[in-house]
$ cat protein25.txt   # compact mmCIF, C-alpha atoms and all ligand atoms
# COMPACT_ATOMS: atom_id res chain seq x y z
CA MET R 913 -0.69 50.05 -13.72
CA ARG R 914 -0.41 47.35 -11.11
CA ASP R 915 3.02 46.31 -10.13
CA THR R 916 2.76 42.57 -10.52
CA ALA R 917 5.82 42.08 -8.36
CA THR R 918 3.82 43.11 -5.27
CA VAL R 919 0.94 40.71 -5.95
CA PRO R 920 1.65 37.63 -3.84
CA VAL R 921 1.71 34.53 -5.97
CA ALA R 922 -0.55 31.95 -4.37
CA ALA R 923 1.69 29.00 -3.67
CA ALA R 924 0.30 25.60 -4.62
CA PRO R 925 -1.42 23.91 -1.67
CA VAL R 926 0.80 21.38 0.08
CA PRO R 927 -0.98 18.08 0.79
CA LEU R 928 -0.05 15.88 3.73
CA ILE R 929 0.75 13.02 1.34
CA ASP R 930 1.12 13.60 -2.41
CA LEU R 931 0.08 10.49 -4.33
CA GLN R 932 0.01 12.36 -7.65
CA ALA R 933 3.75 13.01 -7.37
CA GLN R 934 4.27 9.26 -7.06
CA ARG R 935 1.97 8.63 -10.01
CA GLN R 936 4.14 10.85 -12.18
CA ARG R 937 7.01 8.50 -11.45
CA ILE R 938 5.33 5.12 -12.02
CA GLY R 939 2.01 6.01 -13.70
CA SER R 940 2.79 4.35 -17.04
CA ARG R 941 4.00 1.15 -15.37
CA ILE R 942 0.82 1.04 -13.27
CA GLU R 943 -1.39 1.56 -16.30
CA ALA R 944 0.39 -1.28 -18.11
CA ALA R 945 0.01 -3.53 -15.06
CA ILE R 946 -3.74 -2.80 -14.82
CA LYS R 947 -4.11 -3.45 -18.54
CA ARG R 948 -2.51 -6.89 -18.10
CA VAL R 949 -5.21 -7.77 -15.55
CA LEU R 950 -7.94 -6.47 -17.86
CA ASP R 951 -6.50 -8.63 -20.62
CA HIS R 952 -6.28 -11.89 -18.68
CA GLY R 953 -9.56 -11.23 -16.84
CA ALA R 954 -8.78 -13.09 -13.59
CA TYR R 955 -10.08 -10.24 -11.46
CA ILE R 956 -10.39 -12.37 -8.33
CA MET R 957 -7.34 -14.30 -7.05
CA GLY R 958 -5.45 -13.73 -10.28
CA PRO R 959 -1.70 -14.39 -10.63
CA GLU R 960 -0.84 -10.87 -9.33
CA VAL R 961 -2.39 -11.71 -5.94
CA TYR R 962 -0.14 -14.74 -5.44
CA GLU R 963 2.89 -12.86 -6.75
CA ALA R 964 2.23 -9.98 -4.32
CA GLU R 965 1.92 -12.45 -1.42
CA LYS R 966 5.27 -14.00 -2.36
CA ARG R 967 7.02 -10.63 -2.54
CA LEU R 968 5.51 -9.45 0.74
CA ALA R 969 6.70 -12.63 2.46
CA ALA R 970 10.20 -12.14 1.08
CA LEU R 971 10.24 -8.52 2.18
CA CYS R 972 9.42 -9.17 5.85
CA GLY R 973 10.55 -12.75 6.34
CA ALA R 974 7.16 -14.15 7.38
CA GLN R 975 6.50 -17.75 6.36
CA HIS R 976 2.84 -17.24 5.46
CA VAL R 977 1.14 -14.23 3.91
CA VAL R 978 -2.60 -14.05 3.36
CA SER R 979 -3.56 -10.98 1.36
CA CYS R 980 -7.01 -9.51 1.96
CA SER R 981 -9.43 -6.68 1.27
CA ASN R 982 -8.18 -4.09 3.81
CA GLY R 983 -6.37 -3.64 7.11
CA THR R 984 -9.50 -3.82 9.21
CA SER R 985 -10.59 -7.16 7.76
CA ALA R 986 -6.99 -8.36 8.19
CA MET R 987 -7.38 -7.95 11.96
CA VAL R 988 -10.92 -9.36 11.99
CA MET R 989 -9.63 -12.43 10.14
CA ALA R 990 -6.97 -12.98 12.81
CA LEU R 991 -9.49 -12.67 15.65
CA MET R 992 -11.88 -15.05 13.86
CA ALA R 993 -9.10 -17.57 13.19
CA TRP R 994 -8.39 -17.57 16.94
CA ASP R 995 -12.12 -17.85 17.81
CA ILE R 996 -12.11 -14.62 19.83
CA GLY R 997 -15.58 -13.49 20.90
CA ARG R 998 -17.98 -12.77 23.74
CA GLY R 999 -16.36 -12.53 27.16
CA ASP R 1000 -12.86 -12.12 25.74
CA ALA R 1001 -10.73 -9.05 26.46
CA VAL R 1002 -8.68 -7.56 23.61
CA PHE R 1003 -6.12 -4.99 24.77
CA VAL R 1004 -5.70 -2.01 22.47
CA PRO R 1005 -4.26 1.47 22.66
CA SER R 1006 -6.75 4.33 22.51
CA PHE R 1007 -4.26 6.58 20.71
CA THR R 1008 -4.65 4.93 17.29
CA PHE R 1009 -6.98 4.73 14.31
CA THR R 1010 -10.49 3.50 15.24
CA ALA R 1011 -10.08 0.17 13.45
CA THR R 1012 -7.73 -1.19 16.13
CA ALA R 1013 -10.50 -1.16 18.75
CA GLU R 1014 -13.34 -1.67 16.30
CA VAL R 1015 -12.20 -5.16 15.30
CA ALA R 1016 -12.53 -6.41 18.89
CA ALA R 1017 -16.11 -5.13 19.05
CA ILE R 1018 -16.91 -6.55 15.58
CA VAL R 1019 -16.22 -10.11 16.78
CA GLY R 1020 -18.20 -9.52 19.99
CA ALA R 1021 -15.18 -9.26 22.29
CA THR R 1022 -14.45 -6.35 24.65
CA PRO R 1023 -11.76 -3.82 23.76
CA VAL R 1024 -9.86 -2.78 26.89
CA PHE R 1025 -7.95 0.47 26.43
CA VAL R 1026 -4.26 0.79 27.29
CA ASP R 1027 -2.20 3.98 27.58
CA VAL R 1028 0.81 4.79 25.40
CA LEU R 1029 4.32 6.07 26.05
CA PRO R 1030 4.86 9.83 25.69
CA ASP R 1031 7.95 9.50 23.46
CA THR R 1032 7.13 6.76 20.90
CA PHE R 1033 3.30 7.06 21.18
CA ASN R 1034 3.25 3.24 21.29
CA MET R 1035 1.70 0.91 23.89
CA ASP R 1036 2.97 1.34 27.46
CA PRO R 1037 3.78 -2.15 28.84
CA ASP R 1038 3.05 -1.06 32.44
CA SER R 1039 -0.37 0.21 31.41
CA LEU R 1040 -0.97 -3.12 29.65
CA GLU R 1041 -0.39 -4.90 33.00
CA ARG R 1042 -2.89 -2.58 34.67
CA ALA R 1043 -5.41 -3.17 31.87
CA ILE R 1044 -5.11 -6.95 32.27
CA ALA R 1045 -5.84 -6.56 35.99
CA VAL R 1046 -8.95 -4.50 35.22
CA ALA R 1047 -10.16 -7.10 32.69
CA GLU R 1048 -9.73 -9.90 35.20
CA GLN R 1049 -11.59 -7.95 37.89
CA THR R 1050 -14.43 -7.38 35.41
CA GLY R 1051 -14.72 -11.11 34.72
CA LEU R 1052 -13.32 -10.91 31.19
CA LYS R 1053 -10.89 -13.46 29.83
CA PRO R 1054 -7.64 -11.81 28.66
CA ARG R 1055 -7.00 -13.26 25.19
CA VAL R 1056 -5.32 -10.86 22.75
CA VAL R 1057 -3.13 -7.77 22.81
CA ILE R 1058 -2.98 -5.54 19.72
CA PRO R 1059 0.11 -3.35 19.94
CA VAL R 1060 0.01 -0.76 17.20
CA ASP R 1061 3.19 0.40 15.45
CA LEU R 1062 2.08 4.00 15.28
CA PHE R 1063 3.10 6.51 12.62
CA GLY R 1064 5.62 4.06 11.15
CA GLN R 1065 7.59 2.99 14.24
CA PRO R 1066 7.43 -0.48 15.86
CA ALA R 1067 6.07 -0.86 19.38
CA ASP R 1068 8.32 -2.37 22.07
CA HIS R 1069 7.57 -5.93 20.99
CA ASP R 1070 9.92 -7.70 23.41
CA ALA R 1071 8.40 -5.98 26.45
CA ILE R 1072 4.89 -6.77 25.23
CA ARG R 1073 5.82 -10.39 24.48
CA VAL R 1074 6.95 -10.98 28.07
CA ILE R 1075 3.57 -9.79 29.41
CA ALA R 1076 1.66 -11.69 26.71
CA ASP R 1077 3.47 -14.93 27.60
CA THR R 1078 2.83 -14.45 31.32
CA HIS R 1079 -0.91 -13.99 30.72
CA LYS R 1080 -1.21 -16.39 27.74
CA LEU R 1081 -2.28 -13.68 25.31
CA TYR R 1082 -2.01 -13.84 21.55
CA VAL R 1083 -0.14 -10.90 20.04
CA LEU R 1084 -1.87 -9.42 16.97
CA ASP R 1085 0.30 -6.62 15.64
CA ASP R 1086 -1.48 -3.74 13.90
CA ALA R 1087 1.25 -2.71 11.45
CA ALA R 1088 -1.14 -0.79 9.17
CA GLN R 1089 1.10 2.28 9.37
CA SER R 1090 4.45 0.59 9.59
CA PHE R 1091 4.94 -2.35 7.26
CA GLY R 1092 8.60 -2.28 6.22
CA ALA R 1093 9.89 -1.04 9.59
CA SER R 1094 12.18 -3.18 11.72
CA TYR R 1095 12.60 -3.84 15.43
CA LYS R 1096 15.94 -5.16 16.72
CA GLY R 1097 16.94 -6.18 13.20
CA ARG R 1098 13.71 -8.01 12.35
CA LYS R 1099 10.99 -6.67 10.07
CA LEU R 1100 7.42 -6.31 11.27
CA GLY R 1101 5.42 -9.25 9.97
CA ALA R 1102 7.78 -11.86 11.38
CA ILE R 1103 7.64 -10.74 15.04
CA ALA R 1104 4.11 -11.03 16.46
CA ASP R 1105 1.94 -14.19 16.41
CA ILE R 1106 -0.06 -12.60 13.62
CA THR R 1107 0.62 -9.23 11.98
CA ALA R 1108 -1.93 -7.26 10.00
CA THR R 1109 -1.27 -4.44 7.57
CA SER R 1110 -3.20 -2.14 5.26
CA PHE R 1111 -2.52 -1.00 1.70
CA TYR R 1112 -4.88 1.97 1.93
CA PRO R 1113 -3.45 4.50 -0.56
CA SER R 1114 -1.93 6.88 2.00
CA LYS R 1115 -0.11 4.18 4.02
CA PRO R 1116 3.67 3.92 3.51
CA LEU R 1117 3.02 0.91 1.24
CA GLY R 1118 -0.36 1.54 -0.37
CA CYS R 1119 -2.20 0.47 -3.48
CA TYR R 1120 -4.71 2.60 -5.42
CA GLY R 1121 -7.75 1.36 -3.57
CA ASP R 1122 -8.32 -0.84 -0.52
CA GLY R 1123 -6.13 -3.76 0.36
CA GLY R 1124 -4.41 -5.52 3.25
CA ALA R 1125 -2.48 -8.57 4.35
CA VAL R 1126 -2.01 -10.90 7.30
CA PHE R 1127 1.36 -12.43 8.21
CA THR R 1128 2.22 -15.40 10.42
CA ASN R 1129 4.79 -18.12 10.89
CA ASN R 1130 2.13 -20.54 12.18
CA GLU R 1131 0.89 -22.92 9.48
CA GLU R 1132 -2.35 -23.84 11.24
CA TRP R 1133 -3.33 -20.19 11.68
CA ALA R 1134 -2.42 -19.45 8.07
CA LYS R 1135 -4.79 -22.20 6.96
CA LYS R 1136 -7.59 -20.78 9.09
CA LEU R 1137 -6.91 -17.25 7.83
CA MET R 1138 -7.29 -18.49 4.25
CA GLN R 1139 -10.57 -20.17 5.21
CA VAL R 1140 -11.90 -17.03 6.89
CA ARG R 1141 -10.94 -14.95 3.83
CA VAL R 1142 -13.44 -16.89 1.70
CA HIS R 1143 -16.59 -17.64 3.72
CA GLY R 1144 -14.95 -20.29 5.88
CA GLN R 1145 -14.45 -22.44 2.80
CA GLY R 1146 -12.76 -25.83 3.25
CA ARG R 1147 -11.31 -27.99 0.46
CA ASP R 1148 -13.68 -26.56 -2.15
CA ARG R 1149 -16.71 -24.31 -2.38
CA ASN R 1150 -19.06 -27.14 -1.37
CA GLU R 1151 -17.47 -27.38 2.05
CA ASN R 1152 -17.74 -24.71 4.77
CA VAL R 1153 -15.69 -25.41 7.85
CA ARG R 1154 -16.13 -22.16 9.80
CA ILE R 1155 -17.83 -18.76 9.73
CA GLY R 1156 -15.91 -16.45 7.43
CA LEU R 1157 -16.00 -13.32 5.35
CA THR R 1158 -15.59 -12.20 1.78
CA ALA R 1159 -12.27 -10.46 2.23
CA ARG R 1160 -10.06 -11.13 -0.78
CA PHE R 1161 -7.46 -8.76 -2.21
CA ASP R 1162 -8.30 -8.08 -5.85
CA SER R 1163 -6.02 -8.63 -8.83
CA ILE R 1164 -5.99 -5.00 -10.02
CA GLN R 1165 -4.90 -3.75 -6.60
CA ALA R 1166 -2.29 -6.52 -6.40
CA ALA R 1167 -0.96 -5.38 -9.79
CA VAL R 1168 -0.66 -1.81 -8.46
CA LEU R 1169 1.00 -3.04 -5.28
CA LEU R 1170 3.63 -4.97 -7.25
CA GLU R 1171 4.67 -1.75 -9.01
CA LYS R 1172 4.76 0.10 -5.70
CA LEU R 1173 6.84 -2.66 -4.09
CA ALA R 1174 9.49 -2.07 -6.74
CA ILE R 1175 10.09 1.48 -5.44
CA PHE R 1176 9.20 0.90 -1.77
CA GLU R 1177 12.74 0.75 -0.40
CA ASP R 1178 13.70 3.86 -2.32
CA GLU R 1179 10.62 5.69 -1.02
CA CYS R 1180 11.39 4.68 2.57
CA ALA R 1181 14.91 6.08 2.18
CA ALA R 1182 13.49 9.33 0.79
CA ARG R 1183 11.10 9.68 3.74
CA ASP R 1184 13.99 9.01 6.13
CA LYS R 1185 15.94 11.85 4.56
CA ILE R 1186 12.98 14.22 4.83
CA ALA R 1187 12.50 13.27 8.48
CA ALA R 1188 16.17 14.02 9.16
CA ARG R 1189 15.81 17.48 7.56
CA TYR R 1190 12.69 18.18 9.65
CA ASP R 1191 14.53 17.00 12.78
CA ALA R 1192 17.44 19.33 12.14
CA GLY R 1193 15.24 22.34 11.42
CA LEU R 1194 12.69 21.85 14.19
CA LYS R 1195 14.77 20.63 17.13
CA GLY R 1196 14.59 23.04 20.06
CA HIS R 1197 11.37 24.63 18.76
CA VAL R 1198 8.99 21.70 19.11
CA THR R 1199 9.30 18.11 20.32
CA THR R 1200 10.46 16.13 17.29
CA PRO R 1201 9.71 12.39 16.88
CA PHE R 1202 11.69 9.96 19.03
CA ILE R 1203 12.76 6.82 17.19
CA ARG R 1204 14.13 4.03 19.37
CA PRO R 1205 17.79 3.32 18.54
CA ASP R 1206 16.91 -0.37 18.01
CA SER R 1207 14.15 0.39 15.50
CA THR R 1208 13.61 1.88 12.07
CA CYS R 1209 10.62 3.98 11.05
CA VAL R 1210 8.83 4.12 7.68
CA TRP R 1211 7.27 7.52 8.48
CA ALA R 1212 3.57 7.08 7.87
CA GLN R 1213 3.42 10.42 9.69
CA TYR R 1214 5.94 12.94 10.95
CA THR R 1215 4.32 13.98 14.22
CA ILE R 1216 5.57 16.75 16.48
CA ARG R 1217 4.39 17.91 19.92
CA SER R 1218 4.00 21.52 21.00
CA PRO R 1219 1.96 23.46 23.57
CA ARG R 1220 1.37 25.90 20.68
CA ARG R 1221 -0.10 23.19 18.47
CA ASP R 1222 -3.20 25.14 17.45
CA ARG R 1223 -1.13 28.18 16.45
CA ILE R 1224 1.12 25.96 14.34
CA VAL R 1225 -1.90 24.45 12.58
CA ALA R 1226 -3.32 27.94 11.88
CA ALA R 1227 -0.02 29.36 10.61
CA LEU R 1228 0.52 26.43 8.22
CA GLY R 1229 -3.14 26.53 7.17
CA ALA R 1230 -2.78 30.22 6.23
CA LYS R 1231 -0.10 29.12 3.76
CA LYS R 1232 -2.28 26.28 2.43
CA ILE R 1233 0.04 23.73 4.01
CA SER R 1234 -1.96 20.73 5.20
CA THR R 1235 -1.64 19.30 8.69
CA ALA R 1236 -3.61 16.64 10.53
CA VAL R 1237 -4.14 15.93 14.19
CA PHE R 1238 -3.83 12.20 14.67
CA TYR R 1239 -5.60 11.68 17.05
CA ALA R 1240 -7.62 14.65 18.30
CA LYS R 1241 -10.19 12.51 20.11
CA PRO R 1242 -8.91 9.22 21.52
CA ILE R 1243 -11.10 6.18 20.85
CA HIS R 1244 -12.12 5.63 24.49
CA MET R 1245 -13.76 9.09 24.41
CA GLN R 1246 -15.78 8.42 21.24
CA PRO R 1247 -19.47 7.63 21.89
CA PRO R 1248 -19.54 3.99 20.67
CA TYR R 1249 -16.53 3.11 22.87
CA ARG R 1250 -17.25 5.02 26.08
CA GLY R 1251 -18.67 1.98 27.86
CA PHE R 1252 -15.56 -0.19 27.46
CA PRO R 1253 -12.97 -0.59 30.24
CA VAL R 1254 -9.73 1.37 30.43
CA ALA R 1255 -6.46 0.46 32.17
CA GLY R 1256 -6.11 1.16 35.89
CA SER R 1257 -5.07 4.80 36.53
CA GLY R 1258 -6.60 5.83 33.19
CA LEU R 1259 -5.01 7.05 29.99
CA PRO R 1260 -3.36 10.37 30.94
CA VAL R 1261 -0.67 10.24 28.23
CA THR R 1262 -3.22 9.53 25.49
CA GLU R 1263 -5.38 12.43 26.63
CA LYS R 1264 -2.39 14.78 26.79
CA LEU R 1265 -1.13 13.79 23.33
CA ALA R 1266 -4.55 14.56 21.86
CA GLN R 1267 -3.95 18.16 22.99
CA ASP R 1268 -0.47 18.75 21.60
CA VAL R 1269 0.36 16.53 18.60
CA VAL R 1270 0.25 17.54 14.95
CA SER R 1271 1.42 15.73 11.82
CA LEU R 1272 3.26 17.65 9.10
CA PRO R 1273 3.37 16.95 5.34
CA MET R 1274 5.43 13.79 4.82
CA HIS R 1275 5.93 11.86 1.59
CA PRO R 1276 8.90 10.80 -0.56
CA TYR R 1277 8.43 13.62 -3.08
CA LEU R 1278 8.32 16.58 -0.69
CA ALA R 1279 10.65 19.24 -2.17
CA PRO R 1280 13.39 20.68 0.09
CA GLU R 1281 12.08 24.25 -0.49
CA VAL R 1282 8.61 23.23 0.64
CA GLN R 1283 10.11 21.52 3.66
CA ASP R 1284 12.03 24.67 4.52
CA GLU R 1285 8.82 26.67 4.30
CA VAL R 1286 7.12 24.20 6.69
CA ILE R 1287 10.07 24.41 9.09
CA ALA R 1288 10.18 28.21 9.07
CA THR R 1289 6.42 28.47 9.60
CA VAL R 1290 6.39 25.95 12.45
CA CYS R 1291 9.36 27.63 14.18
CA GLY R 1292 7.72 31.04 13.83
CA ALA R 1293 4.43 29.85 15.32
CA ALA R 1294 6.03 27.74 18.06
CA SER R 1295 8.06 30.50 19.70
C1 LIG R 1301 -5.33 2.50 8.37
C2 LIG R 1301 -5.31 1.78 9.65
C3 LIG R 1301 -6.09 0.62 9.87
C4 LIG R 1301 -7.14 0.14 8.92
O1 LIG R 1301 -6.77 -0.10 7.63
P1 LIG R 1301 -7.87 -0.11 6.47
O2 LIG R 1301 -7.16 -0.73 5.33
O3 LIG R 1301 -8.28 1.29 6.23
O4 LIG R 1301 -9.02 -0.95 6.94
C5 LIG R 1301 -5.93 -0.04 11.06
N1 LIG R 1301 -5.09 0.38 12.00
C6 LIG R 1301 -4.35 1.49 11.86
C7 LIG R 1301 -3.42 1.90 12.94
C8 LIG R 1301 -4.44 2.24 10.67
O5 LIG R 1301 -3.72 3.35 10.54
$ encode --input "protein25.txt" --output "structure tokens"
Amino acid sequence: MRDTATVPVAAAPVPLIDLQAQRQRIGSRIEAAIKRVLDHGAYIMGPEVYEAEKRLAALCGAQHVVSCSNGTSAMVMALMAWDIGRGDAVFVPSFTFTATAEVAAIVGATPVFVDVLPDTFNMDPDSLERAIAVAEQTGLKPRVVIPVDLFGQPADHDAIRVIADTHKLYVLDDAAQSFGASYKGRKLGAIADITATSFYPSKPLGCYGDGGAVFTNNEEWAKKLMQVRVHGQGRDRNENVRIGLTARFDSIQAAVLLEKLAIFEDECAARDKIAARYDAGLKGHVTTPFIRPDSTCVWAQYTIRSPRRDRIVAALGAKKISTAVFYAKPIHMQPPYRGFPVAGSGLPVTEKLAQDVVSLPMHPYLAPEVQDEVIATVCGAAS
């Protein structure tokens, strides 16, 4: 007879982000909210869309919120509202999700890649200066900088603002991973000229499909953003005042977002607690995330650094614990982007980070026992 006690029980796989755990909490409220949309039938620009915009504005303190179809179109809308195009340089980090650089190319402008800081993984202001010099030498017109608030933490917005003002650049903040975070007491959304975010399901504030929003305190830009959102429409559908897109947020996703907004603060606090437990368990074994003392983080990812990164990934993988390497191949090294300029003296930090970062499971419903298992496995593989 087999001794069942010696048969290892296969532990349930641990996902990086567990949306089903969240659904258990608010599933019935979400189903009721979707049913309300099905009942009233205003699938496009229904009341939920306007309500979501109002709540998002209140949450971050921005005067104008224009919801839209996703985070990528949110940034494209901003660039189109500013008439960015051929011959214009748009400064972007390379250590980010592809969309940050893609949007510059989509409007016909030139992405110019900037290095990041080794501690926050956010844009390095000195590298931005060197990138502006390269753009000018190349005959490009410096127009926009897109600092990214990576993994949930704001970039150094004051330092970037000084450079942007000196060179007359617009600041378009890519807050796709960090809506809800604050910098020097102010929430993202009310800091840059225009801020874009994404409600992709796995973002800290996600819906159950695609969605996004654009934030600004400038009324004229807000008006243009609303025009771009709907085919450059003017006063009514018989008038087209500019080239636009079809980039609306839909009512069902807005209904989902409203339910998620109700628990957002609570979820951010839960992620903070999990990050603190990781910090305590992992310190001294790997490089744990550095959060600036003047900022808060909403923990889109909990990303560590270690020279033994690949061993850590394998050890966690053997226990069916998911990890992800954001970003294993920086954008400036991807084939469609290889021809675009990079900052003077290159992107050494970006290229180094690609070798040694790894993101661990992080979501508000991660059980302490599972966390302890992750910590023990990482520490074992890192030493
Ligand atoms: C997710 C993401 C985007 C794009 O958002 P979508 O809604 O998927 O288009 C842009 N930038 C960053 C940094 C992201 O993480």
$ closest_residue --input "protein25.txt" --among "R:Ala1192, R:Ile956, R:Ile1224, R:Leu928" --to "Gln1165 of chain R" --atoms "only C-alpha atoms"
R:Ile956
$ closest_atom_pairs --input "protein25.txt" --of "chain R" --to "ligand LIG 1301 (chain R)" --cutoff "9 Å" --atoms "only C-alpha atoms and all ligand atoms" --output "JSON lines"
{"residue": "R:Ser981", "atom": "CA", "partner": "R:LIG1301", "partner_atom": "O2", "distance": 7.6}
{"residue": "R:Asn982", "atom": "CA", "partner": "R:LIG1301", "partner_atom": "O2", "distance": 3.8}
{"residue": "R:Gly983", "atom": "CA", "partner": "R:LIG1301", "partner_atom": "O2", "distance": 3.5}
{"residue": "R:Thr984", "atom": "CA", "partner": "R:LIG1301", "partner_atom": "O4", "distance": 3.7}
{"residue": "R:Ser985", "atom": "CA", "partner": "R:LIG1301", "partner_atom": "O4", "distance": 6.5}
{"residue": "R:Ala986", "atom": "CA", "partner": "R:LIG1301", "partner_atom": "O4", "distance": 7.8}
{"residue": "R:Met987", "atom": "CA", "partner": "R:LIG1301", "partner_atom": "C5", "distance": 8.1}
{"residue": "R:Thr1008", "atom": "CA", "partner": "R:LIG1301", "partner_atom": "C7", "distance": 5.4}
{"residue": "R:Phe1009", "atom": "CA", "partner": "R:LIG1301", "partner_atom": "C7", "distance": 4.7}
{"residue": "R:Thr1010", "atom": "CA", "partner": "R:LIG1301", "partner_atom": "N1", "distance": 7.0}
{"residue": "R:Ala1011", "atom": "CA", "partner": "R:LIG1301", "partner_atom": "C5", "distance": 4.8}
{"residue": "R:Thr1012", "atom": "CA", "partner": "R:LIG1301", "partner_atom": "N1", "distance": 5.1}
{"residue": "R:Ala1013", "atom": "CA", "partner": "R:LIG1301", "partner_atom": "N1", "distance": 8.8}
{"residue": "R:Val1060", "atom": "CA", "partner": "R:LIG1301", "partner_atom": "C7", "distance": 6.1}
{"residue": "R:Asp1061", "atom": "CA", "partner": "R:LIG1301", "partner_atom": "C7", "distance": 7.2}
{"residue": "R:Leu1062", "atom": "CA", "partner": "R:LIG1301", "partner_atom": "C7", "distance": 6.3}
{"residue": "R:Phe1063", "atom": "CA", "partner": "R:LIG1301", "partner_atom": "O5", "distance": 7.8}
{"residue": "R:Asp1086", "atom": "CA", "partner": "R:LIG1301", "partner_atom": "N1", "distance": 5.8}
{"residue": "R:Ala1087", "atom": "CA", "partner": "R:LIG1301", "partner_atom": "C7", "distance": 6.7}
{"residue": "R:Ala1088", "atom": "CA", "partner": "R:LIG1301", "partner_atom": "C8", "distance": 4.7}
{"residue": "R:Gln1089", "atom": "CA", "partner": "R:LIG1301", "partner_atom": "O5", "distance": 5.1}
{"residue": "R:Ser1090", "atom": "CA", "partner": "R:LIG1301", "partner_atom": "C7", "distance": 8.7}
{"residue": "R:Ala1108", "atom": "CA", "partner": "R:LIG1301", "partner_atom": "C5", "distance": 8.3}
{"residue": "R:Thr1109", "atom": "CA", "partner": "R:LIG1301", "partner_atom": "O1", "distance": 7.0}
{"residue": "R:Ser1110", "atom": "CA", "partner": "R:LIG1301", "partner_atom": "O2", "distance": 4.2}
{"residue": "R:Phe1111", "atom": "CA", "partner": "R:LIG1301", "partner_atom": "O2", "distance": 5.9}
{"residue": "R:Tyr1112", "atom": "CA", "partner": "R:LIG1301", "partner_atom": "O2", "distance": 4.9}
{"residue": "R:Pro1113", "atom": "CA", "partner": "R:LIG1301", "partner_atom": "O2", "distance": 8.7}
{"residue": "R:Ser1114", "atom": "CA", "partner": "R:LIG1301", "partner_atom": "C1", "distance": 8.4}
{"residue": "R:Lys1115", "atom": "CA", "partner": "R:LIG1301", "partner_atom": "C1", "distance": 7.0}
{"residue": "R:Asp1122", "atom": "CA", "partner": "R:LIG1301", "partner_atom": "O2", "distance": 6.0}
{"residue": "R:Gly1123", "atom": "CA", "partner": "R:LIG1301", "partner_atom": "O2", "distance": 5.9}
{"residue": "R:Gly1124", "atom": "CA", "partner": "R:LIG1301", "partner_atom": "O2", "distance": 5.9}
{"residue": "R:Ala1212", "atom": "CA", "partner": "R:LIG1301", "partner_atom": "O5", "distance": 8.6}
$ closest_residue --input "protein25.txt" --among "R:Val1261, R:Met992, R:Leu1084, R:Val1153" --to "Val1004 of chain R" --atoms "all atoms listed in the file"
R:Leu1084
$ residues_around --input "protein25.txt" --residues "Ser1094 of chain R" --least-positions-apart "2" --cutoff "8 Å" --atoms "only C-alpha atoms" --output "list in words"
Pro1066, Gly1092, Lys1096, Gly1097, Arg1098, Lys1099, Leu1100, Ser1207, Thr1208 and Cys1209 of chain R
$ atom_distance --input "protein25.txt" --atom1 "atom CA of Ile1075 of chain R" --atom2 "atom CA of Leu971 of chain R"
28.1 Å
$ closest_residue --input "protein25.txt" --among "R:Gly1292, R:Ile1164, R:Pro1273, R:Gly1156" --to "Val1198 of chain R" --atoms "only C-alpha atoms"
R:Gly1292
$ atom_distance --input "protein25.txt" --atom1 "atom CA of Val1026 of chain R" --atom2 "atom CA of Pro1201 of chain R"
20.9 Å
$ closest_residue --input "protein25.txt" --among "R:Asp1191, R:Asp930, R:Asp1077, R:Asp1268" --to "Val1225 of chain R" --atoms "only C-alpha atoms"
R:Asp1268
$ atom_distance --input "protein25.txt" --atom1 "atom CA of Lys1053 of chain R" --atom2 "atom CA of Ile1106 of chain R"
19.5 Å
$ residues_around --input "protein25.txt" --residues "Lys1185 of chain R" --least-positions-apart "5" --cutoff "9 Å" --atoms "all atoms listed in the file" --output "mmCIF file with C-alpha atoms, in the coordinates of the input"
data_model
loop_
_atom_site.group_PDB
_atom_site.id
_atom_site.type_symbol
_atom_site.label_atom_id
_atom_site.label_comp_id
_atom_site.auth_asym_id
_atom_site.auth_seq_id
_atom_site.Cartn_x
_atom_site.Cartn_y
_atom_site.Cartn_z
ATOM 1 C CA CYS R 1180 11.390 4.680 2.570
ATOM 2 C CA TYR R 1190 12.690 18.180 9.650
ATOM 3 C CA PRO R 1276 8.900 10.800 -0.560
#
$ closest_residue --input "protein25.txt" --among "R:Gly1144, R:Gly1256, R:Gly1229, R:Gly999" --to "Leu1040 of chain R" --atoms "all atoms listed in the file"
R:Gly1256
$ closest_residue --input "protein25.txt" --among "R:Ala1188, R:Ala1227, R:Ile1216, R:Leu950" --to "Pro1030 of chain R" --atoms "all atoms listed in the file"
R:Ile1216
$ residues_near_point --input "protein25.txt" --point "(-9.9, -11.7, 30.9)" --cutoff "12 Å" --atoms "all atoms listed in the file" --output "JSON, numbers by chain"
{"R": [996, 997, 998, 999, 1000, 1001, 1002, 1003, 1021, 1022, 1023, 1024, 1041, 1043, 1044, 1045, 1046, 1047, 1048, 1049, 1050, 1051, 1052, 1053, 1054, 1055, 1056, 1057, 1079, 1080, 1081, 1253]}
$ residues_around --input "protein25.txt" --residues "Thr1199 of chain R" --least-positions-apart "6" --cutoff "9 Å" --atoms "all atoms listed in the file" --output "list in words"
Thr1215, Ile1216, Arg1217 and Ser1218 of chain R
